[in-house]
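What follows is a set of notes on a single structure, which appears directly below.
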Amino acid sequence: MYVRQTILKKIIMKKSIQLISLLFLGISQFTVAQIKDEKLILDRKREPEVKKIEKKKTSVETIKNYPPEEKAQNPVTYDLTNVPAVSDFTTSTIQGEDISPQLGVDYHRNYLQFGMGNYGKVLFDGNVSYVLENKTEVGADAHVLSTHGLKDEYDWESRSSRVDVAAYLNSYSEKGKFNATAGFGSHDYSYYGIYALQPAADINLNQKVQKISLNGYYDFYSNEILNDARLKTSFLTDKFDAKENYGGLDLNLSKHAISFPLEGVTLNADLAVGAETLNTQFDILDQKQSRFFEGFLEPKLSFYRGKSYLMIGSGFSFLNANKSDNTMPEQVKSNKTYWFPRAEIYFASSEKANLYLGVDGGLQHNSYGSMLMENPYLLSDQEIRPTETKYRLYFGIKGDVNEQLKYDLSAGFSKVNDILFYKANGIFDNDNTLNRAAYNYANTFSAAYGDGSVNEVKASLQFFPLENLALDGDLTYNYFHLTNEEEVFNKPLFRAGLGAKYTMLDKKLLLGFKGFFVSDKSTNYFDIQPDATDSSLLTSTEYANGTVKGYADFNLHAEYRVHNNVSVFLMGNNLLNKQYESFKGYKVLGAQILGGLKVSF
C-alpha cells in the first residue's frame with residue numbers, strides 16, 4: 001500500500017511540473033499573439049558604472065589560483081561594459097534599463113543583430129572578437145538604438161537615440177590576466193516632460209550627453225601580496241557645456257591561506273589602497289563647480305573554518321573638497337577624515353540555512369554621470385556631494401532548500417548623511433513667454449540631500465522545476481526617515497521583480513518573461529499661471545504633496561534559431577499598455593513590439 005501511494009505521488013508531481021511548463025509556454029504564445037498591433041519603445045543602459053566595473057559580459061566569476069594554461073584554453077573575458085552580449089529586454093521608459101534574461105544557452109560570442117519596431121525603433125547590436133596566437137584577444141562591441149518617441153502624446157519633440165561603442169583587449173600571461181577597455185557613449189534625447197505650460201510644437205528641448213571612458217584591470221592568479229589592480233577614468237560632457245572627469249586607482253594587496261594556531265582555522269589578510277578624483281563644472285545658471293579627492297585604506301582579516309568565517313576590518317578615508325558657484329566670492333574648501341566599521345560573521349550551519357550578520361559603511365561619490373543614469377532629466381547645474389553611510393547593520397539567512405530552490409532574505413538599518421534624492425525644478429524666470437531654454441519649463445530635476453536613516457528588507461528566490469525552466473523573484477523595501485525633510489521625493493517604498501526563462505525544441509526556441517512592480521513615489525510639482533496684477537509675468541506655486549503612481553510592467557522575449565548561426569527574435573515590452581510616469585510629467589510609451597534577425601559566427 002505504501003509503495004503504491006509513493007508511486008502515485010511521484011506521478012502526480014511529474015504531471016504537475018509538466019502542466020506548469022505547458023502553461024508557461026501557452027501564456028507566452030498567447031501574449032505574443034496579442035501584441036501584433038500594439039505599441040511602445042526600447043532602450044537600455046549601456047554605460048558602465050564605476051561601482052559595477054567587475055561585471056563581465058560573460059558573467060564569469062573571478063577565480064584565484066587558476067592554472068594559467070587551463071585559463072588560456074578557456075579564456076575568461078573582461079569586457080567592462082555592464083551588459084550581456086545580447087539585446088533582449090528593456091523597461092518602457094525612453095531612457096530604459098537593461099533587463100536582458102540569461103537563458104543559459106551557449107550563444108556564439110561573435111554576432112550581429114538588427115531589429116525594427118513601432119515608434120520608429122531601429123536597433124543594431126554587435127560584438128566581434130578575435131583570439132591571437134599569443135593568448136591575446138581583441139574585440140569591438142557596438143549598440144545603436146533610436147526611436148521617434150511619443151508623437152501622439154506630445155506636440156513637441158520626444159525622440160531619443162543612443163550610441164555606445166567599445167574596443168577591448170584581453171591578455172593572459174603565466175602570472176595573471178589583463179584587460180583594457182576604451183568606450184564612447186552618446187545619448188541624445190529631449191526634456192519632453194512638460195505639464196505646467198503649453199509651449200509651441202517647434203520648441204527645442206534637446207539634451208545630449210557624451211562620455212569617453214578608459215579602464216584597465218590586472219588580476220594575478222595567486223593571492224601573494226599583489227592581488228589585483230584597477231584603473232578607471234572617464235570624461236563626460238553635455239549640450240549645456242557641463243564637464244566632468246573621474247579617475248580612480250585601486251590596489252588590492254593580500255596574503256591568503258595563512259596557518260593559524262587553532263585547528264581547522266585559516267587566515268586571510270587583505271589590504272585595499274586607492275584614490276579617486278572627481279571634478280565637475282557647469283556653465284549655466286549658478287555655474288556650480290566641485291572638486292573632490294579621496295584617498296582610502298581598507299584593511300581586513302578573515303578567519304575561515306570550513307565554509308564559515310569571521311571578517312574584521314575597517315575603512316579609513318581622507319576627503320578633500322573644493323566648491324564654488326557664481327553666488328560665492330571664494331571657494332569653499334574642506335578636509336575631513338572618516339572611519340567606517342567593517343565586520344561580518346557567516347555561519348554555514350547547513351546547505352539549507354546559512355546565517356550572516358555584519359556592519360559596514362563608506363563614502364559613495366555621486367557624480368553627475370551616475371545621477372544621469374538614474375534620472376536623465378537633470379538640470380545641467382547640480383550640487384555634487386558624496387553620500388556617507390556612517391554605519392549599516394544587517395543580518396540575513398540564505399541557502400539551498402534543495403537542487404531546485406534557492407533563497408536569500410536579509411534586513412538592515414543604516415545611518416546615512418547626504419542621502420541623495422531628486423526634487424522637481426520650477427521655472428527659472430517669471431517672464432510670461434514660452435520662448436524659453438530647454439530646461440526652463442518646470443521639466444527638470446535637481447539633486448537634493450538629507451541626513452537620516454534607512455530601513456531595508458531584501459528578498460530573492462530562484463526555482464528550477466525543470467532543467468529547461470527557471471523562475472526567479474526579488475523584492476526590495478526601503479523606508480527613508482530624514483531629519484531635515486518631511487519625506488524623500490522620487491524614491492519608491494518597494495520594488496519587486498518576477499522572471500521566467502524557458503527553452504524548448506532542443507534549445508532552438510528561447511522564451512523569457514520579466515515583470516516589474518514599483519510602488520507610488522512622492523514628488524513636488526508646480527502650478528504656473530499668469531500673474532493676476534501684471535500680465536507680463538508668471539506666478540509659480542510649488543506643491544509638495546504630489547504622487548507619481550506605481551506601476552506593473554510586463555515584458556516578453558522569444559528567439560528561435562532557424563539555423564545554427566541564424567536566429568529571429570521578437571520582443572514585447574509594457575504589455576499591459578500602461579502609460580505610467582517615470583518622473584512627474586514624463587510618460588512612458590504604451591505596449592511595444594520589436595522584431596529582427598541575429599547572425600552569429
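To be explicit about the labels: the chains of the C-alpha cells are called A, B, and onward in the order shown, and within each one the residues are counted from 1, while ligands get numbers from 1 in the order they are shown.
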
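For A:Leu253, the set of protein, DNA and RNA residues having any atom at most 6 Å away, when counting only C-alpha atoms and skipping those fewer than 3 positions along the same chain, is A:Ile225, A:Leu226, A:Asn227, A:Asp270, A:Leu271.
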
Deliver the residues from the most recent selection as a file, using N, CA and C atoms, as a PDB file, in the first residue's frame.
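result.pdb written:
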ATOM      1  N   ILE A 225      50.631  38.803  -2.051  1.00  0.00           N
ATOM      2  CA  ILE A 225      50.932  40.237  -1.980  1.00  0.00           C
ATOM      3  C   ILE A 225      50.024  41.036  -2.911  1.00  0.00           C
ATOM      4  N   LEU A 226      50.386  41.204  -4.175  1.00  0.00           N
ATOM      5  CA  LEU A 226      49.550  42.000  -5.070  1.00  0.00           C
ATOM      6  C   LEU A 226      48.467  41.109  -5.676  1.00  0.00           C
ATOM      7  N   ASN A 227      47.236  41.387  -5.296  1.00  0.00           N
ATOM      8  CA  ASN A 227      46.092  40.578  -5.747  1.00  0.00           C
ATOM      9  C   ASN A 227      45.591  41.056  -7.111  1.00  0.00           C
ATOM     10  N   ASP A 270      43.932  40.994   3.965  1.00  0.00           N
ATOM     11  CA  ASP A 270      43.731  41.817   2.767  1.00  0.00           C
ATOM     12  C   ASP A 270      43.875  43.289   3.113  1.00  0.00           C
ATOM     13  N   LEU A 271      44.371  44.043   2.141  1.00  0.00           N
ATOM     14  CA  LEU A 271      44.506  45.489   2.294  1.00  0.00           C
ATOM     15  C   LEU A 271      44.212  46.147   0.948  1.00  0.00           C
TER      16      LEU A 271
END

Contact residues around A:Ser540 with only C-alpha atoms at 8 Å, ignoring same-chain residues under 4 positions, as a list of chain:residue names: A:Gly426, A:Ile427, A:Asn430, A:Phe526, A:Asp527, A:Ile528, A:Gln529

Residues of the last selection are to be written out with C-alpha atoms, as a short mmCIF file (atom, residue, chain, number, x, y, z; two decimals), in the first residue's frame.
data_model
loop_
_atom_site.label_atom_id
_atom_site.label_comp_id
_atom_site.auth_asym_id
_atom_site.auth_seq_id
_atom_site.Cartn_x
_atom_site.Cartn_y
_atom_site.Cartn_z
CA GLY A 426 10.16 75.15 -11.35
CA ILE A 427 10.81 77.86 -13.94
CA ASN A 430 8.95 84.84 -14.31
CA PHE A 526 4.39 73.31 -9.78
CA ASP A 527 1.36 75.26 -10.92
CA ILE A 528 2.29 78.12 -13.27
CA GLN A 529 -0.27 80.84 -14.14
#

Can you tell me, as a list in words, what residues are no more than 9 Å from A:Leu214 when counting only C-alpha atoms, ignoring any on the same chain fewer than 3 positions away? Ala180, Thr181, Ala182, Gly183, Leu231, Lys232, Thr233 and Ser234 of chain A

Could those residues be written to a file, using N, CA and C atoms, as a PDB file, in the first residue's frame?
ATOM      1  N   ALA A 180      42.021  45.853 -21.008  1.00  0.00           N
ATOM      2  CA  ALA A 180      41.919  47.291 -21.254  1.00  0.00           C
ATOM      3  C   ALA A 180      40.690  47.519 -22.130  1.00  0.00           C
ATOM      4  N   THR A 181      39.855  48.475 -21.750  1.00  0.00           N
ATOM      5  CA  THR A 181      38.631  48.765 -22.495  1.00  0.00           C
ATOM      6  C   THR A 181      38.506  50.267 -22.704  1.00  0.00           C
ATOM      7  N   ALA A 182      38.300  50.665 -23.945  1.00  0.00           N
ATOM      8  CA  ALA A 182      38.053  52.064 -24.281  1.00  0.00           C
ATOM      9  C   ALA A 182      36.637  52.165 -24.843  1.00  0.00           C
ATOM     10  N   GLY A 183      35.845  53.082 -24.298  1.00  0.00           N
ATOM     11  CA  GLY A 183      34.458  53.182 -24.717  1.00  0.00           C
ATOM     12  C   GLY A 183      34.023  54.600 -25.001  1.00  0.00           C
ATOM     13  N   LEU A 231      42.423  50.552 -12.847  1.00  0.00           N
ATOM     14  CA  LEU A 231      42.476  51.966 -13.214  1.00  0.00           C
ATOM     15  C   LEU A 231      41.195  52.297 -13.952  1.00  0.00           C
ATOM     16  N   LYS A 232      40.480  53.344 -13.491  1.00  0.00           N
ATOM     17  CA  LYS A 232      39.199  53.722 -14.102  1.00  0.00           C
ATOM     18  C   LYS A 232      39.228  55.214 -14.391  1.00  0.00           C
ATOM     19  N   THR A 233      38.929  55.592 -15.612  1.00  0.00           N
ATOM     20  CA  THR A 233      38.896  57.009 -15.987  1.00  0.00           C
ATOM     21  C   THR A 233      37.696  57.255 -16.892  1.00  0.00           C
ATOM     22  N   SER A 234      37.162  58.476 -16.837  1.00  0.00           N
ATOM     23  CA  SER A 234      36.067  58.851 -17.738  1.00  0.00           C
ATOM     24  C   SER A 234      36.011  60.365 -17.855  1.00  0.00           C
TER      25      SER A 234
END

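With distances restricted to only C-alpha atoms, A:Phe463 is the closest residue to A:Leu405 from A:Phe463, A:Phe445, A:Tyr346, A:Phe296.
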
A:Ser460, A:Thr483, A:Gln592, A:Ser380 ranked by distance to A:Thr147, top pick (using only C-alpha atoms): A:Gln592

Tell me which protein, DNA and RNA residues are within 12 Å of A:Glu263, counting only C-alpha atoms, leaving out same-chain ones fewer than 4 positions away, and put them as a PyMOL selection string. chain A and resi 259+267+303-306

How would the residues just chosen look if you wrote them out with C-alpha atoms as a compact mmCIF listing (two decimals), in the first residue's frame?
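For reference, selection.txt as written:
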# COMPACT_ATOMS: atom_id res chain seq x y z
CA SER A 259 48.25 28.96 9.04
CA LEU A 267 43.61 33.25 7.97
CA PHE A 303 39.22 33.68 9.76
CA TYR A 304 37.84 30.61 7.96
CA ARG A 305 36.72 27.26 9.33
CA GLY A 306 35.16 25.22 6.56

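One finds atom CA of A:Asn478 at 26.0 Å from atom CA of A:Phe347.
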
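The environment of A:Tyr195 within 9 Å, counting only C-alpha atoms and disregarding residues fewer than 3 places along the same chain, consists of Gln198, Tyr441, Ala442, Asn443, Phe526, Asp527, Lys584, Gly585 and Tyr586 of chain A.
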
All strand (DSSP E) residues (DSSP, backbone) inside stretch 465-512 of chain A, as a PyMOL selection string: chain A and resi 465-466+469-482+494-504+509-512

Within 8 Å of stretch 131-136 of chain A using only C-alpha atoms, minus same-chain residues under 5 positions, as a short mmCIF file (atom, residue, chain, number, x, y, z; two decimals) with N, CA and C atoms, in the first residue's frame:
data_model
loop_
_atom_site.label_atom_id
_atom_site.label_comp_id
_atom_site.auth_asym_id
_atom_site.auth_seq_id
_atom_site.Cartn_x
_atom_site.Cartn_y
_atom_site.Cartn_z
N ALA A 72 44.18 29.70 -20.42
CA ALA A 72 44.43 30.07 -21.81
C ALA A 72 43.56 29.25 -22.75
N LEU A 169 40.75 44.73 -25.10
CA LEU A 169 41.88 43.81 -25.26
C LEU A 169 41.98 42.97 -24.00
N ASN A 170 42.05 41.66 -24.17
CA ASN A 170 42.27 40.73 -23.07
C ASN A 170 43.55 39.96 -23.32
N SER A 171 44.40 39.91 -22.31
CA SER A 171 45.67 39.21 -22.46
C SER A 171 45.89 38.30 -21.26
N TYR A 172 46.41 37.10 -21.51
CA TYR A 172 46.61 36.09 -20.47
C TYR A 172 48.08 35.69 -20.45
N SER A 173 48.74 35.96 -19.32
CA SER A 173 50.14 35.61 -19.16
C SER A 173 50.26 34.46 -18.18
#

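Each of A:Tyr338, A:Phe569, A:Tyr356, A:Tyr543 was checked against A:Leu310 using only C-alpha atoms; the smallest atom-to-atom distance is that of A:Tyr356.
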
Compile the contact shell of stretch 204-213 of chain A as a list in words: residues with an atom at most 8 Å away, counting only C-alpha atoms, same-chain residues fewer than 3 positions apart removed. Glu157, Thr181, Ala182, Gly183, Phe184, Gly185, Ser186, His187, Asp188, Tyr189, Ser190, Tyr191, Tyr192, Lys232, Thr233, Ser234, Phe235, Leu236, Thr237, Asp238, Lys239, Phe240, Ala437, Ala438 and Tyr439 of chain A

Looking only at the backbone, which of the residues in stretch 232-395 of chain A does DSSP tag as alpha helix (DSSP H), as an MDAnalysis selection string? chainID A and resid 368:374
